[in-house]
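A.B. asks: Dropping in final-v1.cif, with mmCIF, C-alpha atoms.
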```
data_work
#
loop_
_atom_site.label_atom_id
_atom_site.label_comp_id
_atom_site.auth_asym_id
_atom_site.auth_seq_id
_atom_site.Cartn_x
_atom_site.Cartn_y
_atom_site.Cartn_z
CA MET W 9 201.99 181.26 79.68
CA ASN W 10 199.56 183.77 78.18
CA SER W 11 196.25 182.93 79.86
CA ASP W 12 194.36 185.23 77.46
CA LEU W 13 194.69 182.71 74.60
CA THR W 14 191.45 180.86 75.32
CA LEU W 15 188.11 180.83 73.58
CA GLN W 16 185.32 182.69 75.33
CA LEU W 17 183.00 179.79 76.10
CA SER W 18 180.72 179.59 79.12
CA SER W 19 180.81 176.61 81.44
CA ARG W 20 177.34 175.69 80.18
CA VAL W 21 178.55 175.49 76.58
CA ARG W 22 181.67 173.52 77.51
CA THR W 23 179.56 171.06 79.50
CA LEU W 24 177.14 170.74 76.58
CA GLY W 25 180.05 169.97 74.25
CA GLN W 26 181.44 167.35 76.59
CA GLU W 27 178.04 165.67 76.89
CA ALA W 28 177.66 165.59 73.09
CA GLN W 29 181.15 164.18 72.51
CA GLU W 30 180.76 161.41 75.09
CA ALA W 31 177.55 160.28 73.38
CA LEU W 32 179.30 159.94 70.00
CA ALA W 33 181.99 157.36 70.73
CA GLU W 34 180.38 154.66 68.56
CA GLN W 35 179.82 157.08 65.66
CA PHE W 36 183.40 158.34 65.83
CA SER W 37 184.75 154.79 65.84
CA ARG W 38 182.75 153.99 62.68
CA ILE W 39 184.04 157.15 60.97
CA ASP W 40 187.65 156.35 61.90
CA ALA W 41 187.33 152.83 60.47
CA ILE W 42 186.19 154.22 57.11
CA ALA W 43 189.06 156.72 57.11
CA GLU W 44 191.54 153.92 57.76
CA THR W 45 190.23 151.84 54.87
CA ASN W 46 190.28 154.78 52.47
CA THR W 47 193.74 155.89 53.59
CA GLN W 48 195.06 152.44 52.79
CA ARG W 49 193.42 152.60 49.35
CA VAL W 50 195.05 155.96 48.62
CA LEU W 51 198.43 154.77 49.86
CA ALA W 52 198.20 151.63 47.72
CA ALA W 53 197.38 153.75 44.65
CA PHE W 54 200.37 156.02 45.29
CA GLN W 55 202.63 153.00 45.62
CA LYS W 56 201.19 151.31 42.51
CA HIS W 57 201.96 154.40 40.42
CA ARG W 58 205.40 154.85 42.00
CA VAL W 59 204.79 158.44 43.06
CA ALA W 60 208.15 160.22 43.20
CA GLU W 61 209.38 163.73 43.88
CA ASN W 62 209.71 164.52 40.19
CA TYR W 63 205.91 164.18 39.88
CA PHE W 64 205.65 167.45 41.83
CA THR W 65 207.51 169.50 39.22
CA GLY W 66 205.06 171.82 37.52
CA THR W 67 204.78 172.97 33.94
CA THR W 68 203.97 176.32 32.36
CA GLY W 69 202.46 177.42 29.08
CA TYR W 70 200.81 174.56 27.22
CA GLY W 71 201.66 172.02 29.90
CA TYR W 72 202.86 169.31 27.50
CA ASP W 73 204.40 166.18 29.02
CA ASP W 74 203.35 166.97 32.60
CA LEU W 75 204.11 163.60 34.19
CA GLY W 76 202.71 164.50 37.59
CA ARG W 77 199.43 165.73 36.12
CA ASP W 78 198.99 162.65 33.95
CA LYS W 79 199.87 160.22 36.75
CA LEU W 80 197.40 161.93 39.07
CA ASP W 81 194.70 161.26 36.46
CA GLU W 82 195.64 157.57 36.62
CA ILE W 83 195.55 157.53 40.43
CA TYR W 84 192.09 159.11 40.49
CA ALA W 85 190.89 156.57 37.93
CA ASP W 86 192.12 153.73 40.12
CA LEU W 87 190.59 155.16 43.30
CA PHE W 88 187.21 155.63 41.60
CA GLY W 89 187.38 152.31 39.76
CA THR W 90 187.14 153.90 36.32
CA GLU W 91 188.76 153.81 32.89
CA ASP W 92 190.00 157.39 32.93
CA ALA W 93 190.04 160.63 34.92
CA LEU W 94 190.62 164.32 34.39
CA VAL W 95 192.06 166.26 37.36
CA ARG W 96 192.69 169.89 36.49
CA LEU W 97 193.41 173.18 38.19
CA GLN W 98 191.64 174.88 35.28
CA PHE W 99 188.20 173.93 36.65
CA VAL W 100 187.13 177.00 38.61
CA ASN W 101 184.63 175.11 40.79
CA GLY W 102 182.42 172.04 40.93
CA THR W 103 179.72 173.65 38.80
CA HIS W 104 182.28 174.22 36.05
CA ALA W 105 183.42 170.59 36.15
CA ILE W 106 179.84 169.28 36.10
CA THR W 107 178.94 171.59 33.22
CA ALA W 108 181.94 170.36 31.22
CA ALA W 109 180.87 166.77 31.88
CA LEU W 110 177.31 167.46 30.72
CA PHE W 111 178.42 169.24 27.55
CA GLY W 112 180.83 166.37 26.86
CA ALA W 113 178.02 163.82 27.09
CA LEU W 114 175.23 165.68 25.27
CA LYS W 115 174.59 167.30 21.91
CA ALA W 116 171.77 169.21 20.26
CA GLY W 117 168.49 167.27 20.37
CA ASP W 118 169.45 165.21 23.40
CA VAL W 119 167.65 165.28 26.74
CA LEU W 120 169.25 165.67 30.16
CA LEU W 121 167.22 164.08 32.95
CA SER W 122 167.77 164.95 36.60
CA ALA W 123 166.94 161.90 38.70
CA VAL W 124 166.28 163.46 42.12
CA GLY W 125 164.47 166.73 41.61
CA ALA W 126 166.15 170.00 40.74
CA PRO W 127 169.95 170.11 40.95
CA TYR W 128 171.98 172.58 42.99
CA ASP W 129 171.10 176.25 42.41
CA THR W 130 174.29 177.15 40.52
CA LEU W 131 173.62 174.45 37.90
CA LEU W 132 170.23 175.87 36.95
CA GLY W 133 171.84 178.64 34.93
CA ALA W 134 174.26 176.24 33.24
CA ILE W 135 171.36 174.00 32.23
CA GLY W 136 169.15 176.90 31.19
CA VAL W 137 166.31 176.41 33.67
CA VAL W 138 166.90 180.03 34.65
CA ASP W 139 168.52 182.68 32.47
CA LYS W 140 171.97 183.50 33.81
CA GLY W 141 173.45 184.49 30.48
CA PRO W 142 174.32 182.88 27.15
CA GLY W 143 175.94 179.47 26.70
CA SER W 144 173.61 177.17 28.61
CA LEU W 145 172.69 173.63 27.56
CA LYS W 146 169.31 175.01 26.51
CA ASP W 147 171.02 177.52 24.21
CA TYR W 148 172.72 174.60 22.48
CA GLY W 149 169.47 172.73 21.87
CA ILE W 150 169.64 170.32 24.81
CA GLU W 151 166.35 169.75 26.59
CA TYR W 152 166.06 169.40 30.37
CA ARG W 153 163.61 167.28 32.35
CA GLN W 154 163.51 166.17 35.98
CA VAL W 155 162.02 163.42 38.08
CA ASP W 156 160.47 165.17 41.04
CA LEU W 157 160.98 163.78 44.52
CA LYS W 158 158.41 161.44 46.01
CA ASP W 159 157.98 161.59 49.79
CA ASN W 160 161.15 163.72 49.78
CA GLY W 161 163.20 160.94 48.21
CA PRO W 162 163.92 159.38 44.80
CA ASP W 163 160.89 158.32 42.75
CA ARG W 164 162.13 155.05 41.29
CA GLU W 165 159.04 154.36 39.20
CA GLY W 166 159.09 157.89 37.85
CA LEU W 167 162.77 157.53 36.99
CA LYS W 168 162.16 154.25 35.18
CA ARG W 169 159.37 155.79 33.13
CA MET W 170 161.15 159.03 32.23
CA ALA W 171 164.57 157.48 31.57
CA ALA W 172 163.06 155.11 28.99
CA ASP W 173 162.74 157.88 26.40
CA PRO W 174 165.55 157.18 23.87
CA LYS W 175 166.19 160.92 23.61
CA VAL W 176 167.50 160.85 27.19
CA LYS W 177 171.26 160.59 26.78
CA ALA W 178 172.39 161.59 30.27
CA VAL W 179 170.88 161.20 33.73
CA LEU W 180 172.23 163.45 36.46
CA ILE W 181 172.18 162.20 40.05
CA GLN W 182 173.15 164.67 42.76
CA ARG W 183 174.58 162.77 45.71
CA SER W 184 174.35 165.61 48.20
CA LYS W 185 171.13 167.33 49.16
CA GLY W 186 172.34 170.77 48.04
CA TYR W 187 169.84 173.32 49.36
CA ALA W 188 167.02 170.77 49.30
CA THR W 189 165.68 169.11 52.44
CA ARG W 190 165.94 165.52 51.22
CA ALA W 191 168.50 163.12 52.63
CA SER W 192 171.81 162.77 50.82
CA LEU W 193 172.12 159.57 48.81
CA PRO W 194 174.19 156.58 49.91
CA VAL W 195 176.37 154.91 47.30
CA ASP W 196 174.23 151.77 47.23
CA GLU W 197 171.10 153.82 46.49
CA ILE W 198 172.91 155.65 43.68
CA GLY W 199 173.83 152.21 42.34
CA ALA W 200 170.19 151.16 42.45
CA LEU W 201 169.14 154.28 40.55
CA ALA W 202 171.89 153.66 37.98
CA ARG W 203 170.59 150.14 37.41
CA ILE W 204 167.07 151.47 36.86
CA VAL W 205 168.39 153.86 34.23
CA LYS W 206 170.48 151.18 32.50
CA GLU W 207 167.58 148.74 32.34
CA ALA W 208 165.25 151.38 30.93
CA ASN W 209 167.76 153.03 28.58
CA PRO W 210 171.16 151.35 28.07
CA GLY W 211 172.35 154.28 25.96
CA ALA W 212 172.00 156.88 28.72
CA ALA W 213 175.07 157.92 30.71
CA VAL W 214 174.65 158.12 34.48
CA ILE W 215 176.54 161.17 35.74
CA VAL W 216 176.88 161.77 39.48
CA ASP W 217 177.54 165.12 41.10
CA ASN W 218 179.78 163.69 43.81
CA CYS W 219 180.51 166.96 45.63
CA TYR W 220 180.77 166.62 49.43
CA GLY W 221 180.63 162.82 49.24
CA GLU W 222 184.14 161.60 48.37
CA PHE W 223 185.71 159.28 50.97
CA VAL W 224 182.71 159.47 53.32
CA GLU W 225 182.00 155.83 52.44
CA GLU W 226 184.39 153.07 51.45
CA GLN W 227 183.19 153.10 47.84
CA GLU W 228 182.28 155.75 45.30
CA PRO W 229 179.27 155.86 42.92
CA THR W 230 181.37 154.58 40.00
CA HIS W 231 182.03 151.39 41.98
CA ALA W 232 178.23 150.93 42.08
CA GLY W 233 177.49 151.45 38.39
CA ALA W 234 177.63 155.18 37.65
CA ASP W 235 179.36 156.09 34.38
CA LEU W 236 180.91 159.33 35.60
CA VAL W 237 181.56 161.16 38.87
CA VAL W 238 182.41 164.83 39.14
CA GLY W 239 183.59 166.97 42.01
CA SER W 240 185.59 169.93 43.28
CA LEU W 241 189.14 169.77 44.61
CA ILE W 242 188.44 172.45 47.23
CA LYS W 243 185.96 170.07 48.80
CA ASN W 244 186.74 166.53 49.97
CA PRO W 245 189.39 165.14 47.61
CA GLY W 246 191.68 168.16 47.87
CA GLY W 247 192.22 167.46 51.56
CA GLY W 248 192.24 171.16 52.41
CA LEU W 249 195.46 171.75 50.44
CA ALA W 250 194.36 171.92 46.79
CA PRO W 251 194.24 175.65 45.90
CA THR W 252 191.56 175.23 43.20
CA GLY W 253 190.37 172.75 40.57
CA GLY W 254 188.04 169.86 39.95
CA TYR W 255 188.00 166.25 38.79
CA ILE W 256 186.00 164.00 36.49
CA ALA W 257 186.37 160.22 36.56
CA GLY W 258 184.58 157.53 34.60
CA ARG W 259 184.14 156.06 31.15
CA ARG W 260 186.96 157.00 28.81
CA ASP W 261 184.69 158.48 26.15
CA LEU W 262 182.84 160.65 28.67
CA VAL W 263 186.04 161.88 30.29
CA GLY W 264 187.43 162.63 26.83
CA GLY W 265 184.32 164.58 25.88
CA ALA W 266 184.55 166.66 29.05
CA ALA W 267 188.23 167.33 28.38
CA MET W 268 187.38 168.62 24.90
CA ARG W 269 184.83 170.95 26.47
CA LEU W 270 187.30 172.18 29.11
CA THR W 271 189.93 172.98 26.47
CA ALA W 272 189.02 172.49 22.78
CA PRO W 273 188.43 169.67 20.28
CA GLY W 274 191.79 168.22 19.32
CA ILE W 275 193.46 169.41 22.53
CA GLY W 276 191.52 167.63 25.27
CA LYS W 277 193.77 166.36 28.06
CA GLU W 278 197.06 167.16 26.32
CA CYS W 279 197.29 170.72 27.60
CA GLY W 280 196.83 172.32 30.98
CA CYS W 281 199.88 173.48 32.90
CA THR W 282 200.12 172.89 36.64
CA LEU W 283 202.27 175.89 37.64
CA GLY W 284 204.08 174.06 40.43
CA GLN W 285 200.86 173.00 42.20
CA ASN W 286 201.13 169.23 41.70
CA ARG W 287 202.55 168.62 45.17
CA LEU W 288 199.50 170.22 46.80
CA LEU W 289 197.14 168.07 44.72
CA TYR W 290 199.01 164.88 45.62
CA GLN W 291 199.44 165.75 49.27
CA GLY W 292 195.85 166.91 49.56
CA LEU W 293 194.60 163.64 48.07
CA PHE W 294 196.81 161.68 50.45
CA LEU W 295 195.32 163.55 53.43
CA ALA W 296 191.77 163.51 52.08
CA PRO W 297 190.40 160.37 53.82
CA HIS W 298 191.58 161.67 57.21
CA THR W 299 190.47 165.25 56.55
CA VAL W 300 187.04 164.07 55.40
CA ALA W 301 186.71 162.06 58.61
CA GLN W 302 187.44 165.22 60.61
CA ALA W 303 184.69 167.04 58.72
CA VAL W 304 182.22 164.19 59.26
CA LYS W 305 183.00 164.16 63.00
CA THR W 306 182.42 167.91 63.12
CA ALA W 307 179.04 167.46 61.40
CA VAL W 308 178.01 164.70 63.78
CA PHE W 309 179.11 166.74 66.79
CA GLY W 310 177.24 169.80 65.49
CA ALA W 311 174.09 167.72 65.07
CA LYS W 312 174.31 166.28 68.58
CA VAL W 313 174.87 169.64 70.28
CA MET W 314 171.98 171.24 68.43
CA GLU W 315 169.71 168.28 69.20
CA LEU W 316 170.50 168.71 72.89
CA LEU W 317 169.33 172.31 72.51
CA GLY W 318 166.09 171.15 70.87
CA TYR W 319 166.79 172.02 67.24
CA GLU W 320 165.78 169.85 64.29
CA THR W 321 168.68 168.29 62.39
CA GLU W 322 169.12 166.21 59.24
CA PRO W 323 170.77 163.78 59.33
CA ARG W 324 170.40 162.99 63.01
CA SER W 325 173.59 162.65 65.01
CA ASP W 326 173.32 158.84 65.15
CA ALA W 327 172.74 158.39 61.41
CA VAL W 328 175.26 156.78 59.04
CA ARG W 329 176.72 159.54 56.87
CA HIS W 330 176.87 159.80 53.08
CA ASP W 331 178.38 163.29 52.77
CA ILE W 332 179.87 165.95 55.03
CA ILE W 333 176.82 168.25 55.13
CA GLN W 334 174.76 168.83 58.26
CA MET W 335 171.39 170.57 58.12
CA ILE W 336 170.12 172.51 61.14
CA SER W 337 166.68 174.14 60.97
CA PHE W 338 166.05 177.40 62.81
CA GLY W 339 162.62 178.37 61.49
CA ALA W 340 163.44 182.08 61.54
CA PRO W 341 166.17 184.32 60.07
CA GLU W 342 167.63 185.86 63.24
CA PRO W 343 168.87 182.70 65.03
CA LEU W 344 170.23 181.45 61.71
CA LYS W 345 172.27 184.64 61.29
CA ARG W 346 173.53 184.43 64.89
CA PHE W 347 174.65 180.83 64.33
CA CYS W 348 176.56 181.85 61.20
CA LYS W 349 178.16 184.73 63.10
CA GLY W 350 179.36 182.24 65.70
CA ILE W 351 180.78 179.86 63.06
CA GLN W 352 182.63 182.81 61.50
CA SER W 353 184.08 183.72 64.89
CA GLY W 354 185.54 180.22 65.08
CA ALA W 355 187.44 180.56 61.79
CA PRO W 356 191.23 180.92 61.61
CA VAL W 357 190.83 183.58 58.90
CA ASP W 358 188.54 186.65 59.09
CA SER W 359 187.16 185.58 62.47
CA TYR W 360 186.30 189.21 63.27
CA VAL W 361 183.92 189.54 60.29
CA THR W 362 180.14 189.37 60.70
CA PRO W 363 178.55 187.55 57.74
CA GLU W 364 175.48 189.14 56.16
CA PRO W 365 173.06 187.86 53.51
CA TRP W 366 173.95 188.94 49.97
CA ASP W 367 173.07 188.31 46.33
CA MET W 368 175.55 185.52 45.66
CA PRO W 369 176.09 184.73 41.93
CA GLY W 370 174.17 181.66 40.74
CA TYR W 371 171.55 181.63 43.51
CA ASP W 372 167.88 182.61 43.32
CA SER W 373 167.71 184.11 46.82
CA GLN W 374 170.09 185.91 49.13
CA VAL W 375 172.63 183.65 50.79
CA ILE W 376 174.45 184.05 54.09
CA MET W 377 177.83 182.37 54.28
CA ALA W 378 180.20 182.00 57.20
CA ALA W 379 183.57 180.92 55.85
CA GLY W 380 186.91 182.04 57.17
CA ALA W 381 189.09 179.73 55.14
CA PHE W 382 192.69 179.45 53.98
CA ILE W 383 191.34 178.58 50.51
CA GLN W 384 188.55 180.89 49.35
CA GLY W 385 185.27 178.96 49.22
CA ALA W 386 186.80 175.68 50.41
CA SER W 387 183.88 173.67 51.77
CA ILE W 388 186.18 171.11 53.38
CA GLU W 389 187.11 173.91 55.78
CA LEU W 390 184.53 174.77 58.43
CA SER W 391 181.73 176.84 56.94
CA ALA W 392 178.01 177.39 57.28
CA ASP W 393 175.74 178.80 54.62
CA ALA W 394 172.03 179.16 54.04
CA PRO W 395 169.58 180.57 51.52
CA MET W 396 167.55 183.25 53.27
CA ARG W 397 164.21 181.61 52.71
CA GLU W 398 161.91 179.33 54.68
CA PRO W 399 162.47 177.05 56.54
CA TYR W 400 165.68 178.97 57.35
CA THR W 401 167.92 175.96 57.38
CA VAL W 402 171.69 176.29 57.66
CA TYR W 403 174.05 173.87 55.93
CA LEU W 404 177.12 173.20 58.06
CA GLN W 405 180.11 171.47 56.52
CA GLY W 406 183.83 171.03 56.83
CA GLY W 407 186.44 171.17 59.53
CA LEU W 408 190.10 170.52 58.69
CA THR W 409 190.49 169.11 62.19
CA TYR W 410 187.78 167.88 64.50
CA GLU W 411 189.22 169.95 67.33
CA SER W 412 188.87 173.21 65.40
CA GLY W 413 185.48 172.18 64.00
CA LYS W 414 184.23 171.42 67.49
CA ALA W 415 185.44 174.81 68.70
CA GLY W 416 183.61 176.56 65.86
CA VAL W 417 180.36 174.76 66.64
CA LEU W 418 180.62 175.64 70.33
CA LEU W 419 181.25 179.30 69.51
CA ALA W 420 178.13 179.26 67.33
CA VAL W 421 176.15 177.79 70.23
CA GLN W 422 177.57 180.46 72.52
CA GLU W 423 176.39 183.13 70.11
CA LEU W 424 172.90 181.63 70.13
CA LEU W 425 172.78 181.44 73.93
CA ASN W 426 174.14 184.97 74.39
CA GLU W 427 171.00 186.28 72.72
#
```
Please rewrite the model in this file as structure tokens.
C.D. replies:
Amino acid sequence: MNSDLTLQLSSRVRTLGQEAQEALAEQFSRIDAIAETNTQRVLAAFQKHRVAENYFTGTTGYGYDDLGRDKLDEIYADLFGTEDALVRLQFVNGTHAITAALFGALKAGDVLLSAVGAPYDTLLGAIGVVDKGPGSLKDYGIEYRQVDLKDNGPDREGLKRMAADPKVKAVLIQRSKGYATRASLPVDEIGALARIVKEANPGAAVIVDNCYGEFVEEQEPTHAGADLVVGSLIKNPGGGLAPTGGYIAGRRDLVGGAAMRLTAPGIGKECGCTLGQNRLLYQGLFLAPHTVAQAVKTAVFGAKVMELLGYETEPRSDAVRHDIIQMISFGAPEPLKRFCKGIQSGAPVDSYVTPEPWDMPGYDSQVIMAAGAFIQGASIELSADAPMREPYTVYLQGGLTYESGKAGVLLAVQELLNE
């Protein structure tokens, strides 16, 4: 046996990891129970739609009559409790899918209202809050407003007041915290916000940016009253296997509008070849509940270890989770960069690389990103990223397996302690 094939972890770090893991038995049991429920739901959907090997045959060119693609739409619709869904490789990322959904729901003269403060940085250019080039919602005559946070959480009274304007035709709710410091939203709270919007303005569509949240709970926002959910396939629902793409699920008219934006009016969902990738989308979805549970366990473990070292975390390690993201505050740039270096050293790909802050497209400050992934940018794989601005908070997410996620966290701790 080659004794050199071991990670370079001190006895102190290994002991710290063991202490953290032993304290998390109840949390891990709760996470496993959710994964079991969601796995059964996915399996039942596959059986209902009689998934067969011929579904995995891909198409080229226009992609007409792609049975596997169309059946996957139906499976997503069932899992999200919606009328229709659009699952496509042609979405380049979550921002693209969300933008298509917004353009499908809005037209010139309408107002988009963000319900929980500013959305994720990359959406600001698509909306037109900042100038990132032509083609924003603002360029097409769509106005943007937002309900600012109150006590770092949703302002329900403010939402009720601002949503009542009949010009508001879509309300965007971001489930995850993004680069904000607020807590991520549970499904039941999203449902409560959706009810406020519907009571104030029945004509407004409630659209949820569901990125990082799929399968973390036993229900999704559309089960609680949202009209549309949108996400990326290289995050939770792709299970670590989807090579690219995004999904939209919800009301048939809203899904149809987004499809027309993705392709063109009159084409919609009818085109979009799958190039032999259907099997990865099906298999990734089948694995997704388990893979998401591994990522949640990694986040919880990371929180506990860092709490034992005296760092501030959000959510705390004993909190019930609503997405896979873990915040860890360092208060200064240097320890943040060392932590990211350690996470990178725990990656299966590019582990020898040292991440450095850079001007990442779509962001208003430099961003450091540790991500040695099989799929470029896949947030369901272990990664850590942070905007280089106060309070110097890193956002840890992912972990295809808990064992590898745990190892990455411990290597990051080792890097911190080495200093």
A.B. asks: Translate the PyMOL selection byres ((chain W and resi 214-223) around 7) into a concrete residue list for this structure, as an MDAnalysis selection string.
C.D. replies: chainID W and resid 46 106 178:184 202 212:213 224:226 228 234:240 243:245 297 300 330:332
A.B. asks: Select, from W:Gly25, W:Ala188, W:Leu97, W:Ala392, the residue with the minimum atom-to-atom distance to Asp129 (chain W), counting only C-alpha atoms.
C.D. replies: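 The shortest atom-to-atom distance to Asp129 (chain W) comes from W:Ala188.
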A.B. asks: Could you check which of W:Leu408, W:Lys168, W:Gly354, W:Arg324 is closest to Thr14 (chain W), using all atoms listed in the file?
C.D. replies: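 Among the listed residues, the smallest separation from Thr14 (chain W) belongs to W:Gly354.
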A.B. asks: In Å to one decimal, how far is CA of Ile333 (chain W) from CA of Arg397 (chain W)?
C.D. replies: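 Spanning CA of Arg397 (chain W) to CA of Ile333 (chain W) is a straight-line distance of 18.5 Å.
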A.B. asks: Would you write out, as a PyMOL selection string, every residue that the PyMOL selection byres ((chain W and resi 118-125) around 8) captures in this file?
C.D. replies: chain W and resi 114-117+126-127+149-157+161-163+167+170-171+175-182
A.B. asks: Excluding region 135-140 of chain W and any residue of its chain fewer than 2 positions from it, enumerate the residues within 9 Å of it, using all atoms listed in the file, and give them as a PDB file with C-alpha atoms, keeping the file's coordinate frame.
C.D. replies:
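As a result, selection-v4.pdb now contains:
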```pdb
ATOM      1  CA  THR W 107     178.940 171.590  33.220  1.00  0.00           C
ATOM      2  CA  LEU W 110     177.310 167.460  30.720  1.00  0.00           C
ATOM      3  CA  LEU W 120     169.250 165.670  30.160  1.00  0.00           C
ATOM      4  CA  LEU W 131     173.620 174.450  37.900  1.00  0.00           C
ATOM      5  CA  LEU W 132     170.230 175.870  36.950  1.00  0.00           C
ATOM      6  CA  GLY W 133     171.840 178.640  34.930  1.00  0.00           C
ATOM      7  CA  PRO W 142     174.320 182.880  27.150  1.00  0.00           C
ATOM      8  CA  GLY W 143     175.940 179.470  26.700  1.00  0.00           C
ATOM      9  CA  SER W 144     173.610 177.170  28.610  1.00  0.00           C
ATOM     10  CA  LEU W 145     172.690 173.630  27.560  1.00  0.00           C
ATOM     11  CA  LYS W 146     169.310 175.010  26.510  1.00  0.00           C
ATOM     12  CA  ASP W 147     171.020 177.520  24.210  1.00  0.00           C
ATOM     13  CA  ILE W 150     169.640 170.320  24.810  1.00  0.00           C
ATOM     14  CA  GLU W 151     166.350 169.750  26.590  1.00  0.00           C
ATOM     15  CA  TYR W 152     166.060 169.400  30.370  1.00  0.00           C
ATOM     16  CA  GLY W 370     174.170 181.660  40.740  1.00  0.00           C
TER      17      GLY W 370
END
```
A.B. asks: Taking into account all atoms listed in the file, which residue in the set W:Gln98, W:Gln55, W:Thr409, W:Thr23 is nearest to Leu295 (chain W)?
C.D. replies: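 Checking each candidate against Leu295 (chain W), we get W:Thr409 as the closest.
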A.B. asks: Residues within 9 Å of Gly350 (chain W), please, as JSON, numbers by chain. Count all atoms listed in the file; anything in the same chain fewer than 2 positions from it doesn't count.
C.D. replies: {"W": [345, 346, 347, 348, 352, 353, 354, 362, 378, 416, 417, 418, 419, 420, 421, 422, 423, 424]}
A.B. asks: Please save C-alpha atoms of the selected residues as a PDB file, in the coordinates of the input.
C.D. replies:
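Output file selection30.pdb is given in full below:
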```
ATOM      1  CA  LYS W 345     172.270 184.640  61.290  1.00  0.00           C
ATOM      2  CA  ARG W 346     173.530 184.430  64.890  1.00  0.00           C
ATOM      3  CA  PHE W 347     174.650 180.830  64.330  1.00  0.00           C
ATOM      4  CA  CYS W 348     176.560 181.850  61.200  1.00  0.00           C
ATOM      5  CA  GLN W 352     182.630 182.810  61.500  1.00  0.00           C
ATOM      6  CA  SER W 353     184.080 183.720  64.890  1.00  0.00           C
ATOM      7  CA  GLY W 354     185.540 180.220  65.080  1.00  0.00           C
ATOM      8  CA  THR W 362     180.140 189.370  60.700  1.00  0.00           C
ATOM      9  CA  ALA W 378     180.200 182.000  57.200  1.00  0.00           C
ATOM     10  CA  GLY W 416     183.610 176.560  65.860  1.00  0.00           C
ATOM     11  CA  VAL W 417     180.360 174.760  66.640  1.00  0.00           C
ATOM     12  CA  LEU W 418     180.620 175.640  70.330  1.00  0.00           C
ATOM     13  CA  LEU W 419     181.250 179.300  69.510  1.00  0.00           C
ATOM     14  CA  ALA W 420     178.130 179.260  67.330  1.00  0.00           C
ATOM     15  CA  VAL W 421     176.150 177.790  70.230  1.00  0.00           C
ATOM     16  CA  GLN W 422     177.570 180.460  72.520  1.00  0.00           C
ATOM     17  CA  GLU W 423     176.390 183.130  70.110  1.00  0.00           C
ATOM     18  CA  LEU W 424     172.900 181.630  70.130  1.00  0.00           C
TER      19      LEU W 424
END
```
A.B. asks: Report as a ChimeraX atom specification the residues that result from applying the PyMOL selection byres ((chain W and resi 260-263) around 7) to the structure here.
C.D. replies: /W:91-94,112-113,256-259,264-267
A.B. asks: Save the residues we just selected, C-alpha atoms, as an mmCIF file, in the frame of the given file?
C.D. replies:
```cif
data_model
loop_
_atom_site.group_PDB
_atom_site.id
_atom_site.type_symbol
_atom_site.label_atom_id
_atom_site.label_comp_id
_atom_site.auth_asym_id
_atom_site.auth_seq_id
_atom_site.Cartn_x
_atom_site.Cartn_y
_atom_site.Cartn_z
ATOM 1 C CA GLU W 91 188.760 153.810 32.890
ATOM 2 C CA ASP W 92 190.000 157.390 32.930
ATOM 3 C CA ALA W 93 190.040 160.630 34.920
ATOM 4 C CA LEU W 94 190.620 164.320 34.390
ATOM 5 C CA GLY W 112 180.830 166.370 26.860
ATOM 6 C CA ALA W 113 178.020 163.820 27.090
ATOM 7 C CA ILE W 256 186.000 164.000 36.490
ATOM 8 C CA ALA W 257 186.370 160.220 36.560
ATOM 9 C CA GLY W 258 184.580 157.530 34.600
ATOM 10 C CA ARG W 259 184.140 156.060 31.150
ATOM 11 C CA GLY W 264 187.430 162.630 26.830
ATOM 12 C CA GLY W 265 184.320 164.580 25.880
ATOM 13 C CA ALA W 266 184.550 166.660 29.050
ATOM 14 C CA ALA W 267 188.230 167.330 28.380
#
```
A.B. asks: Under the rule that all atoms listed in the file are counted, which of W:Leu15, W:Met377, W:Ala33, W:Val328 is the nearest residue to Ala191 (chain W)?
C.D. replies: W:Val328
A.B. asks: Nearest to Gln29 (chain W): which of W:Glu322, W:Glu411, W:Glu61, W:Asp78 is it, counting only C-alpha atoms?
C.D. replies: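 Answer, going by the shortest atom-to-atom distance: W:Glu411.
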A.B. asks: Just the residues within 7 Å of Leu404 (chain W), please, counting all atoms listed in the file, with nothing from its chain fewer than 2 positions along; format it as a PyMOL selection string.
C.D. replies: chain W and resi 307+333-335+391-393+402
A.B. asks: Just to confirm, what's the straight-line distance from CA of Ala105 (chain W) to CA of Gly254 (chain W) in Å (one decimal)?
C.D. replies: 6.0 Å
A.B. asks: With 12 Å as the threshold, what does the neighbourhood of (167.3, 181.5, 61.4) contain in terms of residues, counting only C-alpha atoms? Coordinates are those of the file; answer as a PyMOL selection string.
C.D. replies: chain W and resi 319+336-349+365+376+393-403+424
A.B. asks: What does the distance from CA of Ala415 (chain W) to CA of Leu193 (chain W) come to in Å, to one decimal?
C.D. replies: 28.4 Å
